[in-house]
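Peer 1: My structure file coords31.csv, CSV, C-alpha atoms, is below:
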```csv
chain,number,residue,atom,x,y,z
P,1074,MET,CA,10.0,-7.0,-82.6
P,1075,LEU,CA,8.2,-7.9,-79.3
P,1076,GLU,CA,7.0,-11.1,-81.0
P,1077,LEU,CA,10.6,-12.1,-82.0
P,1078,PHE,CA,11.9,-11.6,-78.4
P,1079,LEU,CA,9.0,-13.7,-77.1
P,1080,LEU,CA,9.6,-16.4,-79.7
P,1081,LEU,CA,13.2,-16.5,-78.5
P,1082,ALA,CA,12.0,-16.8,-74.9
P,1083,ALA,CA,9.6,-19.6,-75.9
P,1084,ALA,CA,12.4,-21.5,-77.7
P,1085,LEU,CA,14.7,-21.2,-74.7
P,1086,PHE,CA,11.9,-22.3,-72.4
P,1087,SER,CA,11.0,-25.3,-74.6
P,1088,VAL,CA,14.6,-26.5,-75.0
P,1089,GLY,CA,15.0,-26.2,-71.2
P,1090,LEU,CA,11.8,-28.2,-70.7
P,1091,TYR,CA,13.0,-30.9,-73.0
P,1092,GLY,CA,16.2,-31.1,-70.9
P,1093,ALA,CA,14.4,-31.1,-67.6
P,1094,LEU,CA,12.1,-33.9,-68.7
P,1095,SER,CA,14.6,-36.1,-70.6
P,1096,GLN,CA,17.8,-36.0,-68.6
P,1097,GLN,CA,18.7,-38.5,-66.0
P,1098,SER,CA,21.6,-36.6,-64.3
P,1099,ILE,CA,20.4,-34.2,-61.6
P,1100,VAL,CA,23.0,-31.6,-62.7
P,1101,MET,CA,21.7,-31.8,-66.3
P,1102,ILE,CA,18.1,-31.4,-65.1
P,1103,MET,CA,19.3,-28.3,-63.3
P,1104,MET,CA,20.7,-27.0,-66.6
P,1105,GLY,CA,17.3,-27.5,-68.2
P,1106,ILE,CA,15.6,-25.5,-65.5
P,1107,GLU,CA,18.2,-22.7,-65.9
P,1108,LEU,CA,17.3,-22.5,-69.6
P,1109,MET,CA,13.6,-22.3,-68.7
P,1110,ILE,CA,14.3,-19.4,-66.3
P,1111,ALA,CA,16.4,-17.7,-69.0
P,1112,GLY,CA,13.4,-17.8,-71.2
P,1113,VAL,CA,11.3,-16.1,-68.4
P,1114,ILE,CA,14.0,-13.4,-68.1
P,1115,THR,CA,14.0,-12.7,-71.8
P,1116,ALA,CA,10.2,-12.5,-71.9
P,1117,ALA,CA,10.0,-10.2,-68.9
P,1118,ALA,CA,12.7,-7.8,-70.2
P,1119,ALA,CA,11.0,-7.7,-73.6
P,1120,LEU,CA,7.5,-7.0,-72.1
P,1121,TRP,CA,9.0,-4.2,-70.0
P,1122,HIS,CA,10.7,-2.7,-73.0
P,1123,PHE,CA,7.9,-2.9,-75.5
P,1124,LEU,CA,4.8,-2.5,-73.4
P,1125,ALA,CA,5.4,-0.6,-70.1
P,1126,PRO,CA,8.8,0.9,-69.8
P,1127,ALA,CA,7.6,3.7,-67.6
P,1128,ALA,CA,6.8,1.2,-64.8
P,1129,ALA,CA,9.5,-0.9,-63.1
P,1130,ASP,CA,7.3,-4.0,-62.8
P,1131,GLY,CA,9.0,-5.8,-65.7
P,1132,GLN,CA,12.4,-5.2,-64.2
P,1133,VAL,CA,11.3,-6.5,-60.8
P,1134,ILE,CA,10.2,-9.7,-62.5
P,1135,VAL,CA,13.6,-10.0,-64.0
P,1136,VAL,CA,15.2,-9.6,-60.6
P,1137,ALA,CA,12.9,-12.3,-59.2
P,1138,ALA,CA,13.8,-14.7,-62.0
P,1139,VAL,CA,17.5,-14.1,-61.4
P,1140,VAL,CA,17.0,-14.8,-57.7
P,1141,ALA,CA,15.0,-18.0,-58.6
P,1142,MET,CA,17.9,-19.1,-60.8
P,1143,ALA,CA,20.4,-18.6,-57.9
P,1144,VAL,CA,18.0,-20.5,-55.4
P,1145,GLU,CA,17.5,-23.3,-57.9
P,1146,MET,CA,21.3,-23.7,-58.5
P,1147,ALA,CA,22.2,-23.6,-54.8
P,1148,MET,CA,19.5,-26.1,-53.7
P,1149,GLY,CA,20.2,-28.3,-56.7
P,1150,PHE,CA,23.8,-28.6,-55.8
P,1151,ALA,CA,22.9,-29.2,-52.1
P,1152,VAL,CA,20.5,-32.0,-53.0
P,1153,THR,CA,23.0,-33.5,-55.4
P,1154,THR,CA,25.6,-33.5,-52.6
P,1155,ALA,CA,23.2,-35.0,-50.1
P,1156,VAL,CA,22.0,-37.7,-52.5
P,1157,PHE,CA,25.6,-38.5,-53.6
P,1158,ARG,CA,26.9,-38.6,-50.1
P,1159,SER,CA,24.2,-41.0,-48.9
P,1160,ARG,CA,23.9,-43.3,-51.9
P,1161,ASP,CA,26.8,-42.6,-54.3
P,1162,ILE,CA,24.4,-41.8,-57.1
P,1163,ASP,CA,23.9,-38.8,-59.3
P,1164,THR,CA,20.9,-39.6,-61.4
P,1165,ALA,CA,17.2,-39.0,-60.7
P,1166,ASP,CA,16.3,-42.5,-61.9
P,1167,ALA,CA,18.4,-44.0,-59.1
P,1168,ALA,CA,16.5,-42.0,-56.4
P,1169,GLU,CA,12.9,-43.0,-57.1
P,1170,ASP,CA,12.0,-44.6,-53.8
P,1171,LEU,CA,8.8,-42.7,-53.5
P,1172,LYS,CA,7.7,-43.5,-57.1
P,1173,GLY,CA,4.1,-44.7,-57.0
H,10,MET,CA,22.0,-2.7,-86.1
H,11,THR,CA,19.9,-3.6,-83.2
H,12,ALA,CA,17.9,-6.1,-85.3
H,13,ALA,CA,21.2,-7.7,-86.5
H,14,LEU,CA,22.6,-7.9,-83.0
H,15,PHE,CA,19.3,-9.4,-81.7
H,16,ALA,CA,19.4,-12.0,-84.5
H,17,VAL,CA,23.0,-13.0,-83.8
H,18,LEU,CA,22.5,-13.3,-80.0
H,19,ALA,CA,19.2,-15.2,-80.5
H,20,VAL,CA,20.7,-17.7,-82.8
H,21,LEU,CA,23.7,-18.2,-80.5
H,22,ALA,CA,21.5,-18.5,-77.5
H,23,VAL,CA,19.2,-21.2,-79.0
H,24,THR,CA,22.2,-23.0,-80.6
H,25,GLY,CA,24.0,-23.0,-77.2
H,26,ALA,CA,20.8,-24.3,-75.5
H,27,VAL,CA,20.4,-27.1,-77.9
H,28,LEU,CA,24.1,-28.0,-77.7
H,29,VAL,CA,23.8,-28.4,-73.9
H,30,PHE,CA,21.8,-31.6,-74.5
H,31,ARG,CA,23.7,-32.7,-77.6
H,32,CYS,CA,27.3,-32.6,-76.2
H,33,ALA,CA,28.7,-35.9,-74.9
H,34,SER,CA,31.2,-34.0,-72.7
H,35,MET,CA,29.7,-32.5,-69.6
H,36,ALA,CA,32.3,-29.7,-69.6
H,37,ARG,CA,31.3,-28.7,-73.1
H,38,ALA,CA,27.7,-28.8,-72.2
H,39,THR,CA,28.4,-26.5,-69.3
H,40,PHE,CA,30.2,-24.0,-71.5
H,41,ALA,CA,27.4,-24.3,-74.1
H,42,LEU,CA,25.0,-23.3,-71.4
H,43,LEU,CA,27.2,-20.5,-70.4
H,44,ALA,CA,27.3,-19.2,-73.9
H,45,SER,CA,23.6,-19.4,-74.2
H,46,LEU,CA,23.0,-17.6,-70.9
H,47,VAL,CA,25.6,-14.9,-71.7
H,48,CYS,CA,23.7,-14.3,-75.0
H,49,VAL,CA,20.5,-13.9,-72.9
H,50,GLY,CA,22.2,-11.3,-70.8
H,51,GLY,CA,23.2,-9.6,-74.1
H,52,GLU,CA,19.6,-9.5,-75.2
H,53,VAL,CA,18.6,-8.0,-71.8
H,54,ILE,CA,21.2,-5.3,-72.3
H,55,LEU,CA,19.9,-4.8,-75.9
H,56,LEU,CA,16.5,-4.2,-74.4
H,57,GLY,CA,17.8,-1.2,-72.4
H,58,LEU,CA,18.5,-2.9,-69.1
H,59,PRO,CA,22.3,-2.7,-68.8
H,60,TYR,CA,22.5,-3.3,-65.1
H,61,LEU,CA,20.3,-6.4,-65.1
H,62,GLY,CA,22.0,-7.7,-68.2
H,63,VAL,CA,25.5,-7.4,-66.7
H,64,VAL,CA,24.2,-9.0,-63.4
H,65,THR,CA,22.8,-11.9,-65.4
H,66,VAL,CA,26.1,-12.4,-67.3
H,67,LEU,CA,28.3,-12.1,-64.2
H,68,MET,CA,26.1,-14.5,-62.2
H,69,MET,CA,26.0,-17.0,-65.0
H,70,VAL,CA,29.7,-17.0,-65.4
H,71,MET,CA,30.2,-17.8,-61.7
H,72,GLU,CA,27.4,-20.3,-61.7
H,73,MET,CA,28.8,-22.2,-64.7
H,74,VAL,CA,32.3,-22.3,-63.3
H,75,VAL,CA,30.9,-23.8,-60.0
H,76,MET,CA,28.8,-26.2,-62.1
H,77,ALA,CA,31.8,-27.4,-64.0
H,78,VAL,CA,33.5,-28.3,-60.7
H,79,PHE,CA,30.4,-30.2,-59.6
H,80,MET,CA,30.2,-32.0,-63.0
H,81,VAL,CA,33.7,-33.3,-62.6
H,82,ALA,CA,33.1,-34.2,-58.9
H,83,TYR,CA,29.9,-36.1,-59.2
H,84,MET,CA,29.2,-37.3,-62.8
H,85,MET,CA,30.4,-40.7,-63.8
H,86,ASN,CA,31.5,-39.7,-67.3
H,87,PRO,CA,32.3,-35.9,-67.2
H,88,ALA,CA,34.6,-35.9,-70.2
H,89,GLY,CA,32.2,-37.9,-72.4
H,90,LEU,CA,35.0,-40.3,-73.3
H,91,MET,CA,32.7,-43.3,-73.0
H,92,PRO,CA,29.6,-43.0,-75.2
H,93,MET,CA,26.6,-43.5,-73.0
H,94,SER,CA,23.0,-42.4,-73.0
H,95,MET,CA,21.9,-40.5,-69.9
H,96,VAL,CA,18.4,-39.8,-71.0
H,97,HIS,CA,15.0,-41.3,-70.5
H,98,ASN,CA,11.7,-40.9,-72.4
H,99,ARG,CA,13.4,-38.8,-75.1
H,100,ARG,CA,10.4,-39.1,-77.4
H,101,GLY,CA,7.9,-38.1,-74.8
H,102,ALA,CA,10.0,-35.1,-73.7
H,103,LEU,CA,10.4,-34.0,-77.3
H,104,THR,CA,6.7,-34.2,-77.8
H,105,ILE,CA,5.8,-32.3,-74.7
H,106,SER,CA,8.4,-29.6,-75.3
H,107,GLY,CA,7.3,-29.3,-79.0
H,108,VAL,CA,3.7,-28.9,-78.0
H,109,VAL,CA,4.6,-26.3,-75.3
H,110,PHE,CA,6.7,-24.3,-77.9
H,111,ALA,CA,3.8,-24.5,-80.4
H,112,GLY,CA,1.3,-23.3,-77.8
H,113,LEU,CA,3.6,-20.5,-76.7
H,114,ALA,CA,4.4,-19.4,-80.3
H,115,ALA,CA,0.7,-19.4,-81.2
H,116,GLY,CA,-0.1,-17.2,-78.2
H,117,VAL,CA,2.8,-14.9,-79.0
H,118,LEU,CA,1.7,-14.5,-82.7
H,119,LEU,CA,-2.1,-14.4,-82.1
H,120,ALA,CA,-2.4,-12.2,-79.0
H,121,PRO,CA,-3.4,-8.6,-79.7
H,122,TRP,CA,-0.5,-7.0,-77.9
H,123,PRO,CA,-1.2,-3.5,-76.7
H,124,GLY,CA,0.9,-0.5,-77.7
H,125,ARG,CA,3.7,0.9,-75.6
H,126,VAL,CA,2.6,3.0,-72.6
H,127,GLY,CA,5.0,5.7,-71.6
H,128,THR,CA,8.7,5.9,-72.3
H,129,ALA,CA,11.7,4.4,-70.6
H,130,PRO,CA,13.5,6.6,-68.0
H,131,GLN,CA,17.0,7.9,-68.7
H,132,ASP,CA,18.4,5.7,-66.0
H,133,THR,CA,16.8,2.3,-65.9
H,134,THR,CA,19.0,1.1,-63.1
H,135,PHE,CA,17.7,4.0,-60.9
H,136,GLN,CA,14.2,3.0,-61.8
H,137,ALA,CA,14.8,-0.6,-60.7
H,138,GLY,CA,16.5,0.5,-57.5
H,139,ALA,CA,13.8,3.0,-56.6
H,140,ALA,CA,11.1,0.4,-57.2
H,141,LEU,CA,12.8,-2.2,-55.1
H,142,MET,CA,13.4,0.2,-52.2
H,143,GLY,CA,10.0,1.8,-52.6
H,144,ASP,CA,6.8,0.3,-53.9
H,145,GLN,CA,8.3,-3.2,-54.4
H,146,MET,CA,9.9,-3.4,-50.9
H,147,LEU,CA,7.8,-6.4,-50.0
H,148,THR,CA,9.1,-8.2,-53.1
H,149,MET,CA,12.7,-7.3,-52.1
H,150,VAL,CA,12.2,-8.5,-48.5
H,151,THR,CA,10.6,-11.7,-49.7
H,152,LEU,CA,13.5,-12.4,-52.1
H,153,GLY,CA,16.0,-11.6,-49.3
H,154,PHE,CA,14.3,-14.1,-47.0
H,155,ALA,CA,14.2,-16.7,-49.8
H,156,LEU,CA,17.9,-16.3,-50.3
H,157,LEU,CA,18.6,-16.6,-46.6
H,158,ALA,CA,16.5,-19.7,-46.3
H,159,THR,CA,18.3,-21.1,-49.4
H,160,MET,CA,21.7,-20.5,-47.7
H,161,VAL,CA,20.6,-22.2,-44.5
H,162,GLY,CA,18.8,-25.1,-46.3
H,163,ALA,CA,21.6,-25.7,-48.7
H,164,THR,CA,24.2,-25.7,-46.0
H,165,VAL,CA,22.2,-28.1,-43.8
H,166,LEU,CA,21.7,-30.5,-46.8
H,167,ALA,CA,25.3,-30.4,-47.9
H,168,VAL,CA,27.1,-30.9,-44.6
H,169,GLY,CA,28.5,-34.3,-43.8
H,170,ARG,CA,26.1,-35.3,-41.0
H,171,GLY,CA,23.1,-34.6,-43.2
H,172,ARG,CA,19.9,-32.9,-42.3
H,173,TYR,CA,19.4,-34.8,-39.0
H,174,ASP,CA,20.3,-33.0,-35.8
H,175,ARG,CA,23.4,-34.1,-34.1
H,176,PHE,CA,21.5,-34.1,-30.8
H,177,GLY,CA,18.8,-36.4,-32.1
H,178,ASP,CA,15.4,-35.6,-33.8
H,179,ASP,CA,14.0,-34.6,-30.4
H,180,LEU,CA,17.2,-33.0,-29.2
H,181,SER,CA,17.4,-35.4,-26.2
H,182,ARG,CA,20.8,-36.9,-26.9
H,183,PRO,CA,23.2,-35.9,-24.1
H,184,ARG,CA,26.3,-35.9,-26.4
H,185,PRO,CA,26.3,-34.9,-30.0
H,186,ASP,CA,26.5,-37.7,-32.5
H,187,ASP,CA,29.1,-36.4,-35.0
H,188,PRO,CA,30.6,-38.6,-37.8
H,189,ALA,CA,33.9,-36.9,-36.9
H,190,GLY,CA,34.7,-35.8,-33.4
H,191,GLY,CA,35.4,-32.2,-32.8
H,192,GLY,CA,35.2,-29.4,-30.3
H,193,VAL,CA,36.9,-29.2,-26.9
H,194,GLY,CA,38.2,-32.4,-25.5
H,195,ARG,CA,38.2,-34.3,-28.8
```
Could I get this structure in the form of structure tokens?

Peer 2:
Amino acid sequence: MLELFLLLAAALFSVGLYGALSQQSIVMIMMGIELMIAGVITAAAALWHFLAPAAADGQVIVVAAVVAMAVEMAMGFAVTTAVFRSRDIDTADAAEDLKG
Amino acid sequence: MTAALFAVLAVLAVTGAVLVFRCASMARATFALLASLVCVGGEVILLGLPYLGVVTVLMMVMEMVVMAVFMVAYMMNPAGLMPMSMVHNRRGALTISGVVFAGLAAGVLLAPWPGRVGTAPQDTTFQAGAALMGDQMLTMVTLGFALLATMVGATVLAVGRGRYDRFGDDLSRPRPDDPAGGGVGR
């Protein structure tokens, strides 16, 4: 059963990675990152349950991943707001000034 | 029963995740993501972590509602009424994510996972709370500071005058340079 949960986590992570790599919109890129973190949450909870439920380490990883999700969302919206306010754009492709 | 519930939630979670990048309507994509993340919360509850599962679900609901507002505010085609492609390098992204999934799946299936050590406590919420207020206090403090820094950083980035100081980069300007006047004597 552990393997099934981890496969689910891998699937969520991979779908999120596809979105983060392929989408132009900054908000859609954030959605991809959310899915990747959801995969981490699933994997951490499964590892806690099936390997070491007596220790709280797995739960702490879940808490850290949830916090990472909140930080990513807040900073993503702030960056989107700043970029949109200064240039009236909402895509990553339109903000590639530093591209080498 | 548990296996059936896991299967249903897993299928819904992955289907929702795929639909996020298949829907033309941004609003539908947002709610597909919400469905996927709620199913992830359900899986966490299924694994015996009701508190963290409910926290995940509640947080995701609020996040997705906020995200829907931002979608409508910023995106040029939020309803998906005009067919348009908002992707780049689709084939490369598909290849990379496919290789990553294959690598992760191979690791999952080939790794010699150890057996379970110990048993879950009666109250897993108490276990998490005791750890965060005890052995993992440094983790808790670090997460707290990260959230505080996020609040300050996000506010500074999002305000109208941008991230530059209203008194100049070296704070030498005698009067603040605000895009809109304010304060006493405006």

Peer 1: When distances are computed from all atoms listed in the file, which of P:Met1142, P:Val1152, P:Ala1137, P:Leu1124 shows the smallest separation from Leu1108 (chain P)?

Peer 2: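 Ranked by minimum distance to Leu1108 (chain P), first place goes to P:Met1142.
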
Peer 1: So how many Å separate CA of Val1139 (chain P) and CA of Thr65 (chain H), to one decimal?

Peer 2: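 So the answer is 7.0 Å.
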
Peer 1: Compare H:Thr134, H:Thr151, H:Thr24, H:Thr128 by their minimum atom-to-atom distance to chain P, counting all atoms listed in the file, and give me the closest one.

Peer 2: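 Closest to chain P, using all atoms listed in the file: H:Thr128.
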
Peer 1: Find, counting only C-alpha atoms, the residue in H:Phe110, H:Leu67, H:Gly116, H:Met149 that gets nearest to chain P.

Peer 2: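 Smallest separation from chain P among the options: H:Phe110.
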
Peer 1: Please provide as a JSON list (two decimals) with C-alpha atoms, in the coordinates of the input all residues within 6 Å of Thr1115 (chain P), with the sequence filter that same-chain residues fewer than 3 positions apart are discarded (counting all atoms listed in the file).

Peer 2:
```json
[["chain", "number", "residue", "atom", "x", "y", "z"],
["P", 1082, "ALA", "CA", 12.00, -16.80, -74.90],
["P", 1112, "GLY", "CA", 13.40, -17.80, -71.20],
["P", 1118, "ALA", "CA", 12.70, -7.80, -70.20]]
```

Peer 1: Hey, which of H:Asn98, H:Ser106, H:Thr164, H:Gln145 ends up closest to Gln1097 (chain P)? Count only C-alpha atoms.

Peer 2: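 Selected residue with least distance to Gln1097 (chain P): H:Asn98.
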